[in-house]
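Peer 1: Mind looking over this structure? Questions follow.
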2 protein chains.
Amino acid sequence: MNTMTATPSPFSPADRPQLGLRERKKIKTREAIRTATYALVKEQGYDATTIEQIAERAEVSPSTVFRYFPTKEDIVITDEFDPIILDELRARPADEPWMVTLRYVMRKAIQFGLKEDEETSRLRSHLMVQVPAVRSRMMESMSVTGNMLCQAIAERTGRDPESLEVRVYAMSLIGGLMEASLYWAESGHQGEFSDLVERAMDVLEHGLSE
Amino acid sequence: MNTMTATPSPFSPADRPQLGLRERKKIKTREAIRTATYALVKEQGYDATTIEQIAERAEVSPSTVFRYFPTKEDIVITDEFDPIILDELRARPADEPWMVTLRYVMRKAIQFGLKEDEETSRLRSHLMVQVPAVRSRMMESMSVTGNMLCQAIAERTGRDPESLEVRVYAMSLIGGLMEASLYWAESGHQGEFSDLVERAMDVLEHGLSE
DNA sequence: CCATGAAATGAGAGTAGCTCTCAAAAGATG
DNA sequence: CATCTTTTGAGAGCTACTCTCATTTCATGG
């Protein structure tokens, strides 16, 4: 749902021979660090996993780890959904009701996210519940997603993306959706996440009234 | 808007002679640490201010600082609004429309918060904008406020406070209000905060439609 | 008022996240 | 192959944060 660093879209490095050896190595290193981190966290838990261990398993130096990710939490939470979601939002017809668009795009994003690596996305939301630092960082990255949403809403409605109204609206959406994914993780990932999101959207659209 | 530690309500220590010397000293120390921190942050900025400096100015040891506040950010963000807001919410007549209640209570909370120490609450929201770590922690503490809101909403509507619907609704409210205060700080605290909150409430109630 | 017990404090050592610098290694370029 | 640029590794250094233990400070019953 967020990305601070401009992660290239999810294709394996081999798919892009047009990139120089340098670029390909960078992508490899990045993935190696992430893979190593996920594995270690699965084995020992988040706090018990140190940067040194991550560096060792990824076969890079600790300095390099920090060159690729500003903080330890970022190794875990970074994803590349935002640009995809933005594209999808823009691709919808302009006269479609906003909520219909939103539901459609969210459903698609969830499909995409779960398909790519189900276990990883579960681990991620699990960490969000268990590790305060990760949750914090995750929430902060929401504001990036929020800005993107503001942009999309502004384009759609002709409002100023920086206006209080648009920003409040976007953040309330994101807050609600965030809570839905927390709920999902807290309840041990029971049921379909997409169902929860549908219910969350109902609340966001109509309030608690009904 | 939040409190992780159970700060006693805002009365000067002298007002409560029924407390033992020990308790009164604890309150004094807590306030000394906070005062020292605010002063140093105003002088040098947040990052440049170290725990050692804070300890020195508050005339306690660094260990003591950590005994009173789990993290450096907590020294800055902790406040004691949650219980007050909860009480106010409960004090409203049960048949009053929910949004009316909410607007009333928010207005009151803002009055209270600004009156107590205007400059401090400005500094706080300023830090929220400027220092990522503070913003993160602030956002996380929102979930505490969120739980409180769930409780209040549940009591009012007879729903389960743990239900997805209530939780999503609460967090969307909080996300929106949070954004309003960020907006206020980003625009240099122009205008009345309460006006911004009114506008935010309009959006939260009716969406962007009108 | 003093003795005993409990709580708060200070001192200090230790861990780990994160930053910065500089020299060595590896890829790009002509 | 030579040169230039980018990436990496090594290591020192800072600081938030934790833990332990001895010392001091307050509370309490006699």
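Naming scheme: A, B, ... for chains in displayed order of the structure tokens; residues 1 onward per chain; ligands 1 onward as shown.
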Give the helix (DSSP H, G or I) residues of segment 166-198 of chain B, as assigned by DSSP on the backbone, as number ranges by chain.
Peer 2: B: 166-186, 193-198
Peer 1: Can I get the selected residues back with C-alpha atoms, as a tab-separated table (two decimals), in the first residue's frame?
Peer 2:
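And here's result_20.tsv as it stands now:
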```
chain	number	residue	atom	x	y	z
B	166	VAL	CA	-17.10	0.03	14.67
B	167	ARG	CA	-13.35	-0.13	14.44
B	168	VAL	CA	-13.24	0.97	10.84
B	169	TYR	CA	-15.58	3.81	11.57
B	170	ALA	CA	-13.53	4.98	14.56
B	171	MET	CA	-10.26	4.87	12.72
B	172	SER	CA	-11.62	6.72	9.74
B	173	LEU	CA	-12.76	9.48	12.07
B	174	ILE	CA	-9.39	9.64	13.73
B	175	GLY	CA	-7.51	9.54	10.47
B	176	GLY	CA	-9.52	12.48	9.23
B	177	LEU	CA	-9.09	14.53	12.38
B	178	MET	CA	-5.40	13.76	12.44
B	179	GLU	CA	-5.06	15.06	8.94
B	180	ALA	CA	-6.84	18.23	9.95
B	181	SER	CA	-4.29	18.92	12.65
B	182	LEU	CA	-1.45	18.11	10.27
B	183	TYR	CA	-2.96	20.55	7.81
B	184	TRP	CA	-3.16	23.18	10.50
B	185	ALA	CA	0.49	22.76	11.43
B	186	GLU	CA	1.66	22.65	7.83
B	193	PHE	CA	-8.08	25.09	14.55
B	194	SER	CA	-11.69	24.62	15.56
B	195	ASP	CA	-12.83	25.90	12.16
B	196	LEU	CA	-10.70	23.33	10.43
B	197	VAL	CA	-12.14	20.63	12.61
B	198	GLU	CA	-15.66	21.73	11.73
```
Peer 1: Please determine the contact residues of chain C with respect to chain A at a cut-off of 8 Å, counting only C-alpha atoms (C1' of nucleotides), and supply them as a PyMOL selection string.
Peer 2: chain C and resi 16-18+27
Peer 1: Store the residues picked out above, limited to N, CA, C and O atoms (P, O5', C5', C4', C3', O3' and C1' of nucleotides), as a short mmCIF file (atom, residue, chain, number, x, y, z; two decimals), in the first residue's frame.
Peer 2:
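Result saved to selection_1.cif:
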```cif
data_model
loop_
_atom_site.label_atom_id
_atom_site.label_comp_id
_atom_site.auth_asym_id
_atom_site.auth_seq_id
_atom_site.Cartn_x
_atom_site.Cartn_y
_atom_site.Cartn_z
P DA C 16 22.53 -7.00 20.04
"O5'" DA C 16 21.91 -5.83 19.17
"C5'" DA C 16 20.69 -5.24 19.61
"C4'" DA C 16 20.46 -3.98 18.84
"C3'" DA C 16 20.87 -4.05 17.36
"O3'" DA C 16 19.93 -3.32 16.61
"C1'" DA C 16 21.94 -2.25 18.38
P DG C 17 19.59 -3.73 15.09
"O5'" DG C 17 18.94 -2.39 14.57
"C5'" DG C 17 18.00 -1.70 15.39
"C4'" DG C 17 18.19 -0.20 15.23
"C3'" DG C 17 18.31 0.26 13.79
"O3'" DG C 17 17.57 1.47 13.66
"C1'" DG C 17 20.19 0.99 15.01
P DC C 18 17.11 1.91 12.16
"O5'" DC C 18 18.27 2.91 11.76
"C5'" DC C 18 18.40 4.11 12.49
"C4'" DC C 18 19.74 4.75 12.24
"C3'" DC C 18 20.16 4.91 10.77
"O3'" DC C 18 19.99 6.28 10.41
"C1'" DC C 18 21.99 4.40 12.22
P DG C 27 31.39 -6.39 -11.94
"O5'" DG C 27 30.81 -5.13 -12.71
"C5'" DG C 27 29.60 -4.53 -12.25
"C4'" DG C 27 29.39 -3.19 -12.93
"C3'" DG C 27 29.24 -3.25 -14.45
"O3'" DG C 27 28.19 -2.39 -14.86
"C1'" DG C 27 31.03 -1.82 -13.87
#
```
Peer 1: Output as JSON lines one row per residue of chain D within 12 Å of chain A: the closest atom pair and its distance in Å to one decimal place, counting only C-alpha atoms (C1' of nucleotides), sorted by chain and residue number ascending.
Peer 2:
```
{"residue": "D:DT5", "atom": "C1'", "partner": "A:Arg22", "partner_atom": "CA", "distance": 11.7}
{"residue": "D:DT6", "atom": "C1'", "partner": "A:Arg22", "partner_atom": "CA", "distance": 8.6}
{"residue": "D:DT7", "atom": "C1'", "partner": "A:Arg22", "partner_atom": "CA", "distance": 8.6}
{"residue": "D:DT8", "atom": "C1'", "partner": "A:Thr64", "partner_atom": "CA", "distance": 7.0}
{"residue": "D:DG9", "atom": "C1'", "partner": "A:Ser61", "partner_atom": "CA", "distance": 6.2}
{"residue": "D:DA10", "atom": "C1'", "partner": "A:Ser61", "partner_atom": "CA", "distance": 8.9}
{"residue": "D:DG11", "atom": "C1'", "partner": "A:Ser63", "partner_atom": "CA", "distance": 10.4}
```
Peer 1: Counting only C-alpha atoms, which of B:Ser125, B:Met99, B:Gly113, B:Thr120 gets nearest to chain A?
Peer 2: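 Of the candidates, the smallest distance to chain A is held by B:Met99.
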Peer 1: For chain B, which residue among A:His126, A:His189, A:Arg30, A:Arg135 is the nearest when counting only C-alpha atoms?
Peer 2: A:Arg135
Peer 1: For Pro93 of chain B, find every residue with an atom within 10 Å (counting only C-alpha atoms (C1' of nucleotides)), except residues of its own chain fewer than 5 positions away, and show them as a PyMOL selection string.
Peer 2: chain B and resi 98+101+156
Peer 1: Would you mind telling me which residue in B:Ser163, B:Gln111, B:Thr157, B:Ser136 lies nearest to Ala94 of chain B when using only C-alpha atoms?
Peer 2: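 Of B:Ser163, B:Gln111, B:Thr157, B:Ser136, the one nearest Ala94 of chain B is B:Thr157, counting only C-alpha atoms.
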Peer 1: What's the 10 Å shell around Leu127 of chain B, counting only C-alpha atoms (C1' of nucleotides), without same-chain residues fewer than 2 positions away, as a CSV table (one decimal) with N, CA, C and O atoms, in the first residue's frame?
Peer 2:
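result-v7.csv, freshly written:
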```
chain,number,residue,atom,x,y,z
B,41,VAL,N,14.1,21.5,23.0
B,41,VAL,CA,13.7,21.4,21.6
B,41,VAL,C,13.4,22.7,21.0
B,41,VAL,O,13.8,22.9,19.8
B,45,GLY,N,16.1,22.3,18.5
B,45,GLY,CA,15.5,21.3,17.6
B,45,GLY,C,15.4,19.9,18.3
B,45,GLY,O,16.1,19.7,19.3
B,46,TYR,N,14.6,19.1,17.7
B,46,TYR,CA,14.4,17.8,18.3
B,46,TYR,C,15.6,16.9,18.3
B,46,TYR,O,16.0,16.3,19.3
B,73,GLU,N,10.3,10.2,22.0
B,73,GLU,CA,9.1,10.8,21.4
B,73,GLU,C,8.0,11.0,22.4
B,73,GLU,O,7.2,11.9,22.4
B,76,VAL,N,7.5,14.1,24.3
B,76,VAL,CA,6.8,15.2,23.6
B,76,VAL,C,5.3,15.0,23.4
B,76,VAL,O,4.6,15.9,23.5
B,77,ILE,N,5.0,13.8,23.0
B,77,ILE,CA,3.6,13.6,22.5
B,77,ILE,C,2.6,13.3,23.6
B,77,ILE,O,1.4,13.5,23.4
B,121,SER,N,1.1,23.2,22.5
B,121,SER,CA,0.4,22.4,21.6
B,121,SER,C,0.7,22.8,20.1
B,121,SER,O,0.7,21.9,19.3
B,122,ARG,N,1.2,24.0,19.9
B,122,ARG,CA,1.7,24.3,18.6
B,122,ARG,C,3.0,23.7,18.3
B,122,ARG,O,3.2,23.1,17.2
B,123,LEU,N,3.9,23.7,19.3
B,123,LEU,CA,5.1,23.0,19.1
B,123,LEU,C,4.9,21.6,18.8
B,123,LEU,O,5.6,21.0,18.0
B,124,ARG,N,4.0,21.0,19.5
B,124,ARG,CA,3.8,19.6,19.4
B,124,ARG,C,3.3,19.3,17.9
B,124,ARG,O,3.8,18.4,17.3
B,125,SER,N,2.4,20.0,17.4
B,125,SER,CA,1.9,19.7,16.1
B,125,SER,C,3.0,20.1,15.0
B,125,SER,O,3.1,19.5,14.0
B,129,VAL,N,4.8,17.5,12.2
B,129,VAL,CA,5.1,17.7,10.8
B,129,VAL,C,6.5,17.5,10.4
B,129,VAL,O,6.9,16.9,9.4
B,130,GLN,N,7.4,18.0,11.3
B,130,GLN,CA,8.8,18.0,11.0
B,130,GLN,C,9.6,16.7,11.3
B,130,GLN,O,10.5,16.4,10.6
B,131,VAL,N,9.3,16.1,12.4
B,131,VAL,CA,10.1,14.9,12.8
B,131,VAL,C,9.3,13.6,12.6
B,131,VAL,O,8.3,13.4,13.2
B,132,PRO,N,9.8,12.9,11.6
B,132,PRO,CA,9.1,11.6,11.3
B,132,PRO,C,8.8,10.7,12.5
B,132,PRO,O,7.8,10.2,12.6
B,133,ALA,N,9.9,10.6,13.3
B,133,ALA,CA,9.7,9.7,14.5
B,133,ALA,C,8.6,10.1,15.4
B,133,ALA,O,7.8,9.3,15.9
B,134,VAL,N,8.4,11.4,15.5
B,134,VAL,CA,7.4,11.9,16.4
B,134,VAL,C,6.0,11.7,15.7
B,134,VAL,O,5.1,11.3,16.3
B,135,ARG,N,6.0,11.9,14.4
B,135,ARG,CA,4.7,11.7,13.7
B,135,ARG,C,4.3,10.2,13.8
B,135,ARG,O,3.2,9.9,14.1
B,185,ALA,N,-0.9,22.5,11.1
B,185,ALA,CA,0.5,22.8,11.4
B,185,ALA,C,1.3,23.1,10.2
B,185,ALA,O,2.1,24.0,10.2
```
Peer 1: Skip Thr37 of chain B itself and residues of its chain fewer than 2 positions away, then list as a VMD selection string all residues within 8 Å of it, counting only C-alpha atoms (C1' of nucleotides).
Peer 2: chain B and resid 33 to 35 39 to 41 49 54 75 to 76
Peer 1: Convert the current residue selection to file output with C-alpha atoms, as an mmCIF file, in the first residue's frame.
Peer 2:
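Dumped everything to result.cif:
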```
data_model
loop_
_atom_site.group_PDB
_atom_site.id
_atom_site.type_symbol
_atom_site.label_atom_id
_atom_site.label_comp_id
_atom_site.auth_asym_id
_atom_site.auth_seq_id
_atom_site.Cartn_x
_atom_site.Cartn_y
_atom_site.Cartn_z
ATOM 1 C CA ILE B 33 11.441 16.246 32.311
ATOM 2 C CA ARG B 34 8.729 17.466 30.005
ATOM 3 C CA THR B 35 9.493 21.113 30.640
ATOM 4 C CA ALA B 39 12.687 24.097 26.284
ATOM 5 C CA LEU B 40 15.624 22.283 24.730
ATOM 6 C CA VAL B 41 13.674 21.356 21.638
ATOM 7 C CA THR B 49 18.443 17.349 21.833
ATOM 8 C CA ILE B 54 17.291 16.579 29.050
ATOM 9 C CA ILE B 75 8.173 12.888 26.268
ATOM 10 C CA VAL B 76 6.844 15.187 23.623
#
```
Peer 1: Between B:Ala32, B:Met128, B:Ala200, B:Val105, which residue has the minimum interatomic distance to chain A, considering only C-alpha atoms?
Peer 2: B:Ala200
Peer 1: Considering only C-alpha atoms (C1' of nucleotides), return as a compact mmCIF listing (two decimals) with N, CA and C atoms (P, O5', C5', C4', C3', O3' and C1' of nucleotides), in the first residue's frame whatever protein or nucleic-acid residues lie within 12 Å of DG5 of chain C, sequence-local ones (same chain, fewer than 3 positions apart) excluded.
Peer 2:
```
# COMPACT_ATOMS: atom_id res chain seq x y z
P DC D 26 12.66 12.12 50.30
O5' DC D 26 11.44 11.18 50.76
C5' DC D 26 10.45 10.84 49.81
C4' DC D 26 9.76 9.57 50.21
C3' DC D 26 8.74 9.71 51.35
O3' DC D 26 7.45 9.37 50.87
C1' DC D 26 10.11 7.80 51.64
P DA D 27 6.20 9.50 51.84
O5' DA D 27 6.08 8.01 52.39
C5' DA D 27 5.60 6.99 51.55
C4' DA D 27 5.38 5.71 52.34
C3' DA D 27 4.39 5.84 53.51
O3' DA D 27 3.51 4.72 53.50
C1' DA D 27 6.47 5.03 54.30
P DT D 28 2.22 4.69 54.46
O5' DT D 28 2.60 3.61 55.55
C5' DT D 28 3.64 2.66 55.26
C4' DT D 28 3.89 1.78 56.49
C3' DT D 28 2.93 1.99 57.67
O3' DT D 28 2.73 0.76 58.35
C1' DT D 28 5.10 2.45 58.37
P DG D 29 1.39 0.58 59.28
O5' DG D 29 2.00 -0.27 60.48
C5' DG D 29 2.99 -1.28 60.20
C4' DG D 29 3.78 -1.58 61.45
C3' DG D 29 2.98 -1.55 62.75
O3' DG D 29 3.41 -2.58 63.62
C1' DG D 29 4.68 0.09 62.85
```
Peer 1: Record the distance separating atom CA of Arg107 of chain A and atom CA of Leu149 of chain B, expressed in Å with one decimal.
Peer 2: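 So the two atoms, atom CA of Arg107 of chain A and atom CA of Leu149 of chain B, lie 28.3 Å apart.
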Peer 1: One number please: atom CA of Arg159 of chain A to atom CA of Arg199 of chain B, in Å, one decimal.
Peer 2: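 Between atom CA of Arg159 of chain A and atom CA of Arg199 of chain B the gap is 15.3 Å.
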Peer 1: Would you please work out which residue, of A:Gln151, A:Glu192, A:Ser141, A:Asp79, is nearest to chain B when using only C-alpha atoms?
Peer 2: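 Of the candidates, the smallest distance to chain B is held by A:Ser141.
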Peer 1: Looking at A:Leu19, A:Val144, A:Met139, A:Ala152, which one is nearest to chain B, with distances taken over only C-alpha atoms?
Peer 2: A:Met139
